[in-house]
Every structure is written in C-alpha cells, then in structure tokens.
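Accompanying notes for the structure given below.
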Amino acid sequence: MIVEVDPETMMVEIKRYVIAHDCGTVINPLIVDGQVHGGVSMGIGQSFYEKLIYDENGQLLNRILCRLSAGPGQTDMPHVEIGHLSTPSPLNPMGSKGVGEAGAIPTPACFVQAVENALSDYRLEILETPLSPNRLFELLHGT
C-alpha cells in the first residue's frame with residue numbers, strides 16, 4: 001500500500017493498493033474479486049473508522065458497527081490491484097479454499113506501515129487503529 005498524508009490536515013489518501021491471495025482453484029473469478037474487494041473495504045473501515053470502545057470491566061460499549069460510522073464509501077475505496085495465486089487444496093475435490101480474508105485481515109497493518117513510511121521523517125511508531133486525522137495528529141505531536 002502506498003499512501004499520501006497531508007501534513008496540514010493529516011488526511012490520508014490511499015494512492016495504490018496491491019494484494020495477492022491464494023484461494024486454491026478459482027471457480028468464479030468475478031466472485032473471488034468481489035470477495036477480496038469486500039475484505040479490503042472491511043479492512044479500510046477498521047483502519048480509518050471503526051473504534052471499539054470498552055468500559056472499565058472490558059464490556060464492549062458500541063456493539064453495533066453502524067453506530068461507529070458509515071464506514072468507507074465508494075469514494076474512499078482505492079483501486080485494488082489483485083494478484084491471484086493458485087495452490088489447489090488437497091482437502092476437497094475442487095481444490096478450492098476460502099477467500100475474502102486476504103483483504104480484511106492484513107489491511108489495517110498494511111495501512112499503518114504505509115502511514116509510518118509516508119511520515120518517515122517523524123520516526124513515528126503507530127501501534128493502533130483506527131487512524132482518524134485527529135488521532136494521527138495526536139500521535140504525531142505527542143498529545
């Protein structure tokens with residue numbers, strides 16, 4: 001992932017996102033691409049928007065994600081370049097595996113690493129998501 005961070009507003013824009021996955025035998029490429037795109041959308045939601053809030057007893061206070069934010073919209077989604085690997089699974093006759101997780105699981109970590117790279121002059125180590133512009137400003141300025 002390559003991102004650009006506006007130094008004045010701390011707004012982050014994803015400029016390029018390339019992802020590779022291995023779902024074994026691809027049965028329907030259009031569905032597979034849709035699953036990867038959906039997973040990336042979920043990962044971007046966690047990267048930017050979805051903050052889970054707990055009380056002092058560890059009880060989750062915001063149980064419904066729609067109350068957190070609207071999540072990423074169409075204009076928030078970058079063009080996603082998808083690479084397909086195909087190592088057939090030996091566990092079923094079609095050789096297929098799961099798909100979608102390749103978009104959701106690594107995206108927040110990839111996003112944080114790209115932001116750290118974009119702000120390399122500041123030697124910032126980011127250990128959390130979501131990274132709203134406000135939170136990124138606080139981390140950058142130690143508040």
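Ordered as shown in the structure tokens, chains take letters A, B, and onward, while each chain numbers its residues from 1 and ligands are numbered from 1 in the order shown.
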
Non-local contacts of Leu52 (chain A) (8 Å; only C-alpha atoms; under 3 positions in same chain excluded) as a list in words: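 Once the adjacent positions are removed, what remains is Leu60, Leu61 and Asn62 of chain A.
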
Could you write out the selected residues, including C-alpha atoms, as a short mmCIF file (atom, residue, chain, number, x, y, z; two decimals), in the first residue's frame?
data_model
loop_
_atom_site.label_atom_id
_atom_site.label_comp_id
_atom_site.auth_asym_id
_atom_site.auth_seq_id
_atom_site.Cartn_x
_atom_site.Cartn_y
_atom_site.Cartn_z
CA LEU A 60 -17.92 -3.58 24.67
CA LEU A 61 -19.97 -0.38 24.68
CA ASN A 62 -20.57 0.10 20.96
#

When you look at region 104-107 of chain A with a cut-off of 6 Å (counting only C-alpha atoms), what residues show up, excluding the ones that are within fewer than 6 positions of it in the same chain? I need them as a compact mmCIF listing (two decimals) with all heavy atoms, in the first residue's frame.
# COMPACT_ATOMS: atom_id res chain seq x y z
N GLY A 39 -13.42 -7.60 1.41
CA GLY A 39 -12.49 -7.72 2.52
C GLY A 39 -11.63 -6.48 2.69
O GLY A 39 -11.41 -6.00 3.81
N VAL A 40 -11.16 -5.93 1.58
CA VAL A 40 -10.37 -4.69 1.63
C VAL A 40 -11.22 -3.57 2.21
O VAL A 40 -10.75 -2.78 3.03
CB VAL A 40 -9.80 -4.32 0.24
CG1 VAL A 40 -9.23 -2.92 0.23
CG2 VAL A 40 -8.73 -5.33 -0.18
N MET A 42 -13.65 -3.82 4.34
CA MET A 42 -13.72 -4.04 5.79
C MET A 42 -12.42 -3.62 6.47
O MET A 42 -12.42 -3.02 7.53
CB MET A 42 -14.02 -5.52 6.08
CG MET A 42 -15.41 -5.94 5.66
SD MET A 42 -15.67 -7.72 5.87
CE MET A 42 -15.55 -7.86 7.64
N GLY A 43 -11.30 -3.97 5.86
CA GLY A 43 -10.00 -3.59 6.42
C GLY A 43 -9.79 -2.09 6.44
O GLY A 43 -9.23 -1.53 7.39

Considering only C-alpha atoms, return as an mmCIF file with N, CA, C and O atoms, in the first residue's frame whatever protein or nucleic-acid residues lie within 9 Å of Ile126 (chain A), sequence-local ones (same chain, fewer than 3 positions apart) excluded.
data_model
loop_
_atom_site.group_PDB
_atom_site.id
_atom_site.type_symbol
_atom_site.label_atom_id
_atom_site.label_comp_id
_atom_site.auth_asym_id
_atom_site.auth_seq_id
_atom_site.Cartn_x
_atom_site.Cartn_y
_atom_site.Cartn_z
ATOM 1 N N VAL A 112 -1.150 0.963 8.446
ATOM 2 C CA VAL A 112 -0.295 1.597 9.458
ATOM 3 C C VAL A 112 1.143 1.678 8.967
ATOM 4 O O VAL A 112 1.798 2.711 9.110
ATOM 5 N N GLN A 113 1.638 0.610 8.360
ATOM 6 C CA GLN A 113 3.013 0.619 7.855
ATOM 7 C C GLN A 113 3.192 1.648 6.740
ATOM 8 O O GLN A 113 4.209 2.325 6.673
ATOM 9 N N VAL A 115 1.441 4.442 6.424
ATOM 10 C CA VAL A 115 1.418 5.771 7.047
ATOM 11 C C VAL A 115 2.751 6.058 7.713
ATOM 12 O O VAL A 115 3.300 7.154 7.582
ATOM 13 N N GLU A 116 3.295 5.071 8.432
ATOM 14 C CA GLU A 116 4.621 5.258 9.040
ATOM 15 C C GLU A 116 5.649 5.589 7.963
ATOM 16 O O GLU A 116 6.503 6.453 8.160
ATOM 17 N N THR A 129 -5.100 1.205 15.491
ATOM 18 C CA THR A 129 -6.059 1.710 14.517
ATOM 19 C C THR A 129 -7.357 1.882 15.279
ATOM 20 O O THR A 129 -7.523 1.270 16.336
ATOM 21 N N LEU A 136 -4.179 10.727 14.358
ATOM 22 C CA LEU A 136 -2.847 10.776 13.758
ATOM 23 C C LEU A 136 -2.122 12.050 14.176
ATOM 24 O O LEU A 136 -0.940 12.017 14.511
ATOM 25 N N LEU A 139 -0.929 11.525 17.777
ATOM 26 C CA LEU A 139 0.250 10.654 17.833
ATOM 27 C C LEU A 139 1.503 11.380 17.354
ATOM 28 O O LEU A 139 2.572 11.209 17.933
#

Which of these, A:Ser132, A:Asn57, A:Thr25, A:Thr9, has the shortest distance to Pro90 (chain A) once you count only C-alpha atoms? A:Thr25

Any idea what the distance is between CA of Arg16 (chain A) and CA of Ala114 (chain A)? 10.3 Å

I'd like the neighbourhood of Leu140 (chain A) as a VMD selection string, where a residue qualifies if any of its atoms comes within 10 Å (using only C-alpha atoms), though same-chain residues fewer than 2 positions away should be ignored. chain A and resid 10 119 122 to 126 134 to 138 142 to 143

Print the selection's residues with all heavy atoms to a file, as a CSV table (one decimal), in the first residue's frame.
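Written file, again.csv:
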chain,number,residue,atom,x,y,z
A,10,MET,N,-3.6,16.0,8.1
A,10,MET,CA,-3.4,14.6,8.5
A,10,MET,C,-4.4,13.7,7.8
A,10,MET,O,-4.5,12.6,8.2
A,10,MET,CB,-3.4,14.4,10.0
A,10,MET,CG,-2.2,15.0,10.7
A,10,MET,SD,-0.7,14.2,10.3
A,10,MET,CE,0.3,15.6,9.9
A,119,LEU,N,5.3,9.1,6.7
A,119,LEU,CA,5.8,10.1,7.7
A,119,LEU,C,7.1,9.7,8.3
A,119,LEU,O,7.4,10.0,9.5
A,119,LEU,CB,4.7,10.2,8.9
A,119,LEU,CG,3.3,10.6,8.4
A,119,LEU,CD1,2.4,10.5,9.6
A,119,LEU,CD2,3.4,12.0,7.9
A,122,TYR,N,9.4,11.7,10.7
A,122,TYR,CA,9.0,11.9,12.1
A,122,TYR,C,9.3,10.7,13.0
A,122,TYR,O,9.2,10.8,14.2
A,122,TYR,CB,7.5,12.2,12.2
A,122,TYR,CG,7.1,13.4,11.5
A,122,TYR,CD1,6.6,13.4,10.2
A,122,TYR,CD2,7.1,14.6,12.1
A,122,TYR,CE1,6.2,14.5,9.5
A,122,TYR,CE2,6.7,15.8,11.5
A,122,TYR,CZ,6.3,15.7,10.1
A,122,TYR,OH,5.9,16.9,9.5
A,123,ARG,N,9.8,9.6,12.4
A,123,ARG,CA,10.1,8.4,13.1
A,123,ARG,C,9.0,8.0,14.1
A,123,ARG,O,9.2,7.6,15.2
A,123,ARG,CB,11.4,8.5,13.8
A,123,ARG,CG,12.6,8.7,12.9
A,123,ARG,CD,13.9,8.8,13.5
A,123,ARG,NE,14.9,9.0,12.5
A,123,ARG,CZ,16.1,8.8,12.7
A,123,ARG,NH1,16.6,8.3,13.8
A,123,ARG,NH2,17.0,9.0,11.7
A,124,LEU,N,7.8,8.0,13.6
A,124,LEU,CA,6.6,7.6,14.3
A,124,LEU,C,6.4,6.1,14.3
A,124,LEU,O,6.4,5.5,13.2
A,124,LEU,CB,5.4,8.4,13.7
A,124,LEU,CG,4.1,8.2,14.4
A,124,LEU,CD1,4.1,8.8,15.8
A,124,LEU,CD2,3.0,8.9,13.5
A,125,GLU,N,6.1,5.6,15.5
A,125,GLU,CA,5.7,4.2,15.5
A,125,GLU,C,4.2,4.1,15.9
A,125,GLU,O,3.9,4.6,17.0
A,125,GLU,CB,6.5,3.4,16.6
A,125,GLU,CG,6.2,1.9,16.6
A,125,GLU,CD,7.0,1.1,17.6
A,125,GLU,OE1,7.6,1.7,18.5
A,125,GLU,OE2,7.0,-0.1,17.5
A,126,ILE,N,3.4,3.6,15.0
A,126,ILE,CA,2.0,3.5,15.3
A,126,ILE,C,1.6,2.1,15.7
A,126,ILE,O,1.9,1.2,15.0
A,126,ILE,CB,1.2,3.9,14.0
A,126,ILE,CG1,1.6,5.3,13.6
A,126,ILE,CG2,-0.3,3.9,14.2
A,126,ILE,CD1,1.1,5.7,12.2
A,134,ASN,N,-7.5,13.2,13.3
A,134,ASN,CA,-7.3,13.8,14.6
A,134,ASN,C,-6.4,12.9,15.5
A,134,ASN,O,-5.5,13.4,16.1
A,134,ASN,CB,-8.7,13.9,15.3
A,134,ASN,CG,-8.6,14.5,16.7
A,134,ASN,OD1,-8.1,15.6,16.8
A,134,ASN,ND2,-9.0,13.8,17.7
A,135,ARG,N,-6.6,11.6,15.4
A,135,ARG,CA,-5.8,10.7,16.2
A,135,ARG,C,-4.3,10.7,15.7
A,135,ARG,O,-3.4,10.6,16.4
A,135,ARG,CB,-6.3,9.2,16.2
A,135,ARG,CG,-5.5,8.3,17.0
A,135,ARG,CD,-5.5,8.7,18.5
A,135,ARG,NE,-4.7,7.9,19.3
A,135,ARG,CZ,-3.8,8.3,20.2
A,135,ARG,NH1,-3.8,9.6,20.6
A,135,ARG,NH2,-3.1,7.5,20.9
A,136,LEU,N,-4.2,10.7,14.4
A,136,LEU,CA,-2.8,10.8,13.8
A,136,LEU,C,-2.1,12.0,14.2
A,136,LEU,O,-0.9,12.0,14.5
A,136,LEU,CB,-2.9,10.7,12.2
A,136,LEU,CG,-1.6,10.5,11.5
A,136,LEU,CD1,-0.8,9.4,12.0
A,136,LEU,CD2,-1.9,10.3,10.0
A,137,PHE,N,-2.8,13.2,14.2
A,137,PHE,CA,-2.2,14.4,14.7
A,137,PHE,C,-1.8,14.3,16.1
A,137,PHE,O,-0.7,14.7,16.5
A,137,PHE,CB,-3.3,15.6,14.6
A,137,PHE,CG,-2.7,16.9,15.0
A,137,PHE,CD1,-2.0,17.7,14.1
A,137,PHE,CD2,-2.9,17.4,16.3
A,137,PHE,CE1,-1.5,18.9,14.4
A,137,PHE,CE2,-2.4,18.6,16.7
A,137,PHE,CZ,-1.7,19.4,15.7
A,138,GLU,N,-2.6,13.7,17.0
A,138,GLU,CA,-2.2,13.5,18.4
A,138,GLU,C,-1.0,12.6,18.5
A,138,GLU,O,-0.1,12.9,19.3
A,138,GLU,CB,-3.4,12.8,19.2
A,138,GLU,CG,-4.6,13.7,19.3
A,138,GLU,CD,-5.8,13.0,19.9
A,138,GLU,OE1,-5.8,11.7,20.0
A,138,GLU,OE2,-6.8,13.6,20.2
A,142,GLY,N,2.4,14.0,20.1
A,142,GLY,CA,2.6,13.5,21.5
A,142,GLY,C,1.5,14.0,22.4
A,142,GLY,O,1.8,14.2,23.6
A,143,THR,N,0.3,14.2,21.9
A,143,THR,CA,-0.8,14.6,22.8
A,143,THR,C,-1.8,13.5,23.1
A,143,THR,O,-1.8,12.5,22.4
A,143,THR,CB,-1.6,15.8,22.2
A,143,THR,OG1,-2.1,15.5,21.0
A,143,THR,CG2,-0.7,17.0,22.1

Which one is closest to His37 (chain A): A:Ile53, A:Ala102, A:Met94, A:Val3? Count only C-alpha atoms.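 The shortest atom-to-atom distance to His37 (chain A) comes from A:Ala102.
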
Counting only C-alpha atoms, which of A:Gly103, A:Pro78, A:Gly73, A:Pro88 gets nearest to Gln35 (chain A)?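 Closest candidate: A:Gly103.
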
Strand (DSSP E or B) positions in chain A, given as a PyMOL selection string: chain A and resi 2-5+12-22+24+54+60+80-85+96

Quick one, how far is CA of Tyr49 (chain A) from CA of Leu30 (chain A)? 27.5 Å

So which residues touch Pro108 (chain A) within 7 Å, counting only C-alpha atoms, skipping near sequence neighbours fewer than 6 positions away, as a PDB file with all heavy atoms, in the first residue's frame?
ATOM      1  N   GLY A  43     -11.296  -3.966   5.862  1.00  0.00           N
ATOM      2  CA  GLY A  43     -10.001  -3.590   6.420  1.00  0.00           C
ATOM      3  C   GLY A  43      -9.792  -2.090   6.442  1.00  0.00           C
ATOM      4  O   GLY A  43      -9.233  -1.534   7.392  1.00  0.00           O
ATOM      5  N   ILE A  44     -10.244  -1.398   5.402  1.00  0.00           N
ATOM      6  CA  ILE A  44     -10.143   0.066   5.378  1.00  0.00           C
ATOM      7  C   ILE A  44     -11.048   0.658   6.443  1.00  0.00           C
ATOM      8  O   ILE A  44     -10.690   1.632   7.110  1.00  0.00           O
ATOM      9  CB  ILE A  44     -10.449   0.607   3.966  1.00  0.00           C
ATOM     10  CG1 ILE A  44      -9.282   0.266   3.039  1.00  0.00           C
ATOM     11  CG2 ILE A  44     -10.697   2.108   3.999  1.00  0.00           C
ATOM     12  CD1 ILE A  44      -9.514   0.604   1.592  1.00  0.00           C
ATOM     13  N   GLN A  46     -11.734  -0.654   9.319  1.00  0.00           N
ATOM     14  CA  GLN A  46     -11.015  -0.792  10.588  1.00  0.00           C
ATOM     15  C   GLN A  46      -9.842   0.174  10.645  1.00  0.00           C
ATOM     16  O   GLN A  46      -9.521   0.702  11.703  1.00  0.00           O
ATOM     17  CB  GLN A  46     -10.526  -2.221  10.762  1.00  0.00           C
ATOM     18  CG  GLN A  46      -9.866  -2.442  12.103  1.00  0.00           C
ATOM     19  CD  GLN A  46      -9.413  -3.874  12.302  1.00  0.00           C
ATOM     20  OE1 GLN A  46      -9.728  -4.762  11.521  1.00  0.00           O
ATOM     21  NE2 GLN A  46      -8.654  -4.095  13.341  1.00  0.00           N
ATOM     22  N   SER A  47      -9.210   0.441   9.524  1.00  0.00           N
ATOM     23  CA  SER A  47      -8.052   1.331   9.504  1.00  0.00           C
ATOM     24  C   SER A  47      -8.415   2.781   9.806  1.00  0.00           C
ATOM     25  O   SER A  47      -7.674   3.484  10.479  1.00  0.00           O
ATOM     26  CB  SER A  47      -7.384   1.286   8.125  1.00  0.00           C
ATOM     27  OG  SER A  47      -6.961  -0.012   7.811  1.00  0.00           O
TER      28      SER A  47
END
